[in-house]
Amino acid sequence: PTANALQATKFGNNFFKSIDGASTWNPSDAALMASYVNDLVFDPQNSSIIYAATDTGIFKSVDGGSNWFSAGSGQTPSPVNRLAINPANTSIIYATTGTGVYKSTDGGSNWVASSSGIVVSNIQPIVIDPITPGTLYAAGASSNSVYKSTDGGATWSSPSFLNSANIVLTLAIDPTSPSTLYAGTNRGVYKSTNSGNTWSAMNTGMPFLTSIRALVIDKNNPLTLYTTSNAGVLKTT
């Protein structure tokens, strides 16, 4: 999206869009037949194309969110939790659901199951290696496990595990050094510097038992991260 164009998730009967840097918001949800939106992703090569993960499936817009349509046959069971787009081939999209991972290779028109090797059913966060986009990481809901695929989701390796008390809520990958991953959990942030093989807590200065809901890495300075949590918005540099 442009610097001033923003999309907000749906609440109640409205999905909102701003084109002036969040000064004003207007409904933008024609034919988006859902009660809520769990995730939004933009095509990195065409910001007019947006995909929405909702409680009733996946919806797609090709006009910047003005109009929406259901995204294809074989669509993932609703609700859909998260979405990720291959940055090198934006026709390839992944969706996580309560029954595993699904993949589309035609811009959301058709979907197939892509969960071989994953033993938990409900998958939440999923991220793609921006340099080697055939490598993906995903985590199970209510689980301390992180799975890895190196073949575009065809198969997934045995998971790596965080501390047994942790539940992985979100994942982020360093855009310049994708062997570095961050996991936001119900007990703070964990970091891996070896492609998810091992994890270490990174919570100095963070309130005890901080539940991390979102992690964002500054693309211009990947050592700077922002989180949203039950303790508010937190930043590390």
# chains A, B, ... in the order shown; residues from 1 in each chain; ligands from 1
>>> closest_atom_pairs(of="stretch 44-136 of chain A", to="stretch 146-155 of chain A", cutoff="12 Å", atoms="only C-alpha atoms", output="CSV")
residue,atom,partner,partner_atom,distance
A:Ala84,CA,A:Gly153,CA,11.7
A:Ile85,CA,A:Gly152,CA,11.3
A:Asn86,CA,A:Gly152,CA,9.3
A:Asn89,CA,A:Gly152,CA,11.6
A:Ile92,CA,A:Gly152,CA,9.3
A:Ile93,CA,A:Gly152,CA,10.1
A:Tyr94,CA,A:Gly153,CA,8.4
A:Ala95,CA,A:Gly153,CA,10.8
A:Thr96,CA,A:Gly153,CA,11.4
A:Gly100,CA,A:Gly153,CA,11.1
A:Val101,CA,A:Gly153,CA,8.1
A:Tyr102,CA,A:Gly153,CA,8.6
A:Lys103,CA,A:Gly153,CA,7.7
A:Ser104,CA,A:Gly153,CA,10.8
A:Thr105,CA,A:Gly152,CA,10.6
A:Val112,CA,A:Ala154,CA,10.3
A:Ala113,CA,A:Ala154,CA,9.0
A:Ser114,CA,A:Ala154,CA,5.6
A:Ser115,CA,A:Thr155,CA,6.7
A:Ser116,CA,A:Thr155,CA,4.9
A:Gly117,CA,A:Thr155,CA,5.9
A:Ile118,CA,A:Tyr147,CA,7.2
A:Val119,CA,A:Tyr147,CA,9.8
A:Val120,CA,A:Tyr147,CA,10.1
A:Ile123,CA,A:Tyr147,CA,10.0
A:Gln124,CA,A:Val146,CA,10.5
A:Pro125,CA,A:Val146,CA,9.4
A:Ile126,CA,A:Tyr147,CA,9.3
A:Val127,CA,A:Lys148,CA,9.8
A:Ile128,CA,A:Gly152,CA,9.2
A:Asp129,CA,A:Thr150,CA,9.6
A:Thr132,CA,A:Thr150,CA,8.7
A:Pro133,CA,A:Gly152,CA,7.3
A:Gly134,CA,A:Gly152,CA,4.2
A:Thr135,CA,A:Thr150,CA,4.2
A:Leu136,CA,A:Ser149,CA,5.1
>>> write_last_selection(atoms="N, CA and C atoms", output="short mmCIF file (atom, residue, chain, number, x, y, z; two decimals), in the first residue's frame")
data_model
loop_
_atom_site.label_atom_id
_atom_site.label_comp_id
_atom_site.auth_asym_id
_atom_site.auth_seq_id
_atom_site.Cartn_x
_atom_site.Cartn_y
_atom_site.Cartn_z
N ALA A 84 -0.05 -15.92 4.17
CA ALA A 84 1.30 -15.49 3.79
C ALA A 84 1.44 -15.64 2.28
N ILE A 85 2.09 -14.65 1.63
CA ILE A 85 2.28 -14.64 0.18
C ILE A 85 3.76 -14.82 -0.13
N ASN A 86 4.05 -15.70 -1.08
CA ASN A 86 5.41 -15.86 -1.58
C ASN A 86 5.84 -14.57 -2.26
N ASN A 89 6.85 -15.11 -6.06
CA ASN A 89 5.77 -15.55 -6.94
C ASN A 89 4.46 -15.34 -6.19
N ILE A 92 1.43 -17.67 -5.29
CA ILE A 92 1.51 -18.70 -4.27
C ILE A 92 1.16 -18.09 -2.92
N ILE A 93 0.12 -18.64 -2.30
CA ILE A 93 -0.38 -18.13 -1.03
C ILE A 93 -0.59 -19.30 -0.08
N TYR A 94 -0.31 -19.07 1.19
CA TYR A 94 -0.53 -20.08 2.22
C TYR A 94 -1.56 -19.56 3.22
N ALA A 95 -2.38 -20.47 3.71
CA ALA A 95 -3.40 -20.14 4.71
C ALA A 95 -3.33 -21.14 5.84
N THR A 96 -3.43 -20.66 7.07
CA THR A 96 -3.49 -21.56 8.22
C THR A 96 -4.91 -21.57 8.77
N GLY A 100 -5.15 -27.25 9.66
CA GLY A 100 -3.82 -27.31 9.08
C GLY A 100 -3.52 -26.18 8.12
N VAL A 101 -2.52 -26.42 7.26
CA VAL A 101 -2.05 -25.43 6.28
C VAL A 101 -2.63 -25.77 4.91
N TYR A 102 -3.04 -24.75 4.18
CA TYR A 102 -3.51 -24.89 2.80
C TYR A 102 -2.68 -23.99 1.90
N LYS A 103 -2.60 -24.38 0.61
CA LYS A 103 -1.76 -23.66 -0.34
C LYS A 103 -2.51 -23.43 -1.64
N SER A 104 -2.34 -22.24 -2.20
CA SER A 104 -2.85 -21.93 -3.53
C SER A 104 -1.67 -21.54 -4.42
N THR A 105 -1.69 -21.99 -5.66
CA THR A 105 -0.62 -21.61 -6.60
C THR A 105 -1.18 -20.76 -7.75
N VAL A 112 -5.23 -26.44 -1.87
CA VAL A 112 -5.03 -27.84 -1.51
C VAL A 112 -4.37 -27.90 -0.14
N ALA A 113 -4.63 -28.99 0.58
CA ALA A 113 -4.00 -29.20 1.88
C ALA A 113 -2.49 -29.30 1.72
N SER A 114 -1.75 -28.73 2.67
CA SER A 114 -0.29 -28.70 2.58
C SER A 114 0.29 -28.82 3.99
N SER A 115 -0.05 -29.92 4.66
CA SER A 115 0.30 -30.07 6.08
C SER A 115 1.05 -31.35 6.41
N SER A 116 1.60 -32.03 5.41
CA SER A 116 2.25 -33.30 5.67
C SER A 116 3.40 -33.14 6.67
N GLY A 117 3.32 -33.88 7.77
CA GLY A 117 4.34 -33.81 8.80
C GLY A 117 3.93 -33.00 10.01
N ILE A 118 2.87 -32.21 9.90
CA ILE A 118 2.38 -31.43 11.03
C ILE A 118 1.38 -32.29 11.80
N VAL A 119 1.61 -32.46 13.09
CA VAL A 119 0.78 -33.37 13.88
C VAL A 119 -0.25 -32.64 14.73
N VAL A 120 -0.18 -31.32 14.78
CA VAL A 120 -1.23 -30.56 15.47
C VAL A 120 -2.19 -30.05 14.41
N ILE A 123 -3.41 -24.52 13.20
CA ILE A 123 -2.19 -23.77 12.93
C ILE A 123 -2.52 -22.29 12.91
N GLN A 124 -1.67 -21.50 13.55
CA GLN A 124 -1.91 -20.06 13.60
C GLN A 124 -0.86 -19.30 12.78
N PRO A 125 0.25 -18.82 13.37
CA PRO A 125 1.16 -17.99 12.56
C PRO A 125 1.91 -18.78 11.51
N ILE A 126 2.22 -18.11 10.39
CA ILE A 126 3.04 -18.68 9.33
C ILE A 126 3.86 -17.56 8.72
N VAL A 127 5.14 -17.80 8.48
CA VAL A 127 6.01 -16.80 7.85
C VAL A 127 6.84 -17.47 6.77
N ILE A 128 7.25 -16.67 5.78
CA ILE A 128 8.02 -17.14 4.64
C ILE A 128 9.40 -16.50 4.65
N ASP A 129 10.42 -17.29 4.40
CA ASP A 129 11.78 -16.78 4.24
C ASP A 129 11.79 -15.85 3.02
N THR A 132 14.72 -17.11 0.53
CA THR A 132 14.48 -18.47 0.02
C THR A 132 13.03 -18.81 0.30
N PRO A 133 12.10 -18.35 -0.55
CA PRO A 133 10.68 -18.44 -0.21
C PRO A 133 10.09 -19.83 -0.20
N GLY A 134 10.88 -20.85 -0.57
CA GLY A 134 10.42 -22.22 -0.38
C GLY A 134 10.52 -22.67 1.07
N THR A 135 11.16 -21.85 1.91
CA THR A 135 11.28 -22.16 3.34
C THR A 135 10.22 -21.39 4.12
N LEU A 136 9.46 -22.14 4.92
CA LEU A 136 8.38 -21.56 5.71
C LEU A 136 8.46 -22.06 7.15
#
>>> residues_around(residues="A:Thr204", least_positions_apart="2", cutoff="10 Å", atoms="only C-alpha atoms", output="JSON, numbers by chain")
{"A": [188, 189, 201, 202, 206, 207, 208, 236]}
>>> write_last_selection(atoms="C-alpha atoms", output="mmCIF file, in the first residue's frame")
data_model
loop_
_atom_site.group_PDB
_atom_site.id
_atom_site.type_symbol
_atom_site.label_atom_id
_atom_site.label_comp_id
_atom_site.auth_asym_id
_atom_site.auth_seq_id
_atom_site.Cartn_x
_atom_site.Cartn_y
_atom_site.Cartn_z
ATOM 1 C CA GLY A 188 7.414 -12.935 26.116
ATOM 2 C CA VAL A 189 9.677 -13.062 23.063
ATOM 3 C CA ALA A 201 14.261 -15.948 25.749
ATOM 4 C CA MET A 202 14.833 -12.256 24.922
ATOM 5 C CA MET A 206 9.833 -6.651 29.605
ATOM 6 C CA PRO A 207 7.154 -7.007 32.308
ATOM 7 C CA PHE A 208 6.766 -10.514 33.719
ATOM 8 C CA THR A 236 13.544 -2.951 21.466
#
>>> closest_residue(among="A:Gly196, A:Pro44, A:Phe59, A:Ala165", to="A:Ser142", atoms="only C-alpha atoms")
A:Ala165
>>> closest_residue(among="A:Ser160, A:Asn194, A:Ser61, A:Thr224", to="A:Phe42", atoms="only C-alpha atoms")
A:Ser61
>>> atom_distance(atom1="atom CA of A:Asn203", atom2="atom CA of A:Asp174")
17.8 Å
>>> atom_distance(atom1="atom CA of A:Pro130", atom2="atom CA of A:Leu215")
16.3 Å
>>> closest_residue(among="A:Ser18, A:Asn144, A:Ser195, A:Asn38", to="A:Leu83", atoms="only C-alpha atoms")
A:Asn38
>>> closest_residue(among="A:Thr198, A:Ser157, A:Thr237, A:Ser66", to="A:Ala183", atoms="only C-alpha atoms")
A:Thr198
>>> residues_around(residues="A:Thr228", least_positions_apart="3", cutoff="8 Å", atoms="only C-alpha atoms", output="ChimeraX atom specification")
/A:212-215,231-234
>>> write_last_selection(atoms="C-alpha atoms", output="tab-separated table (two decimals), in the first residue's frame")
chain	number	residue	atom	x	y	z
A	212	ILE	CA	2.91	-10.99	22.79
A	213	ARG	CA	0.14	-10.63	20.20
A	214	ALA	CA	2.10	-9.18	17.27
A	215	LEU	CA	5.77	-8.72	16.33
A	231	ALA	CA	1.57	-4.57	28.55
A	232	GLY	CA	0.95	-2.20	25.64
A	233	VAL	CA	3.26	-1.45	22.71
A	234	LEU	CA	6.88	-2.35	23.43
>>> select_by_dssp(residues="stretch 36-197 of chain A", states="strand (DSSP E or B)", output="MDAnalysis selection string")
chainID A and resid 36:43 46:54 57:61 67 69:70 73 80:85 93:97 100:104 110 112:113 123:128 136:140 145:149 157:161 168:173 181:185 188:192
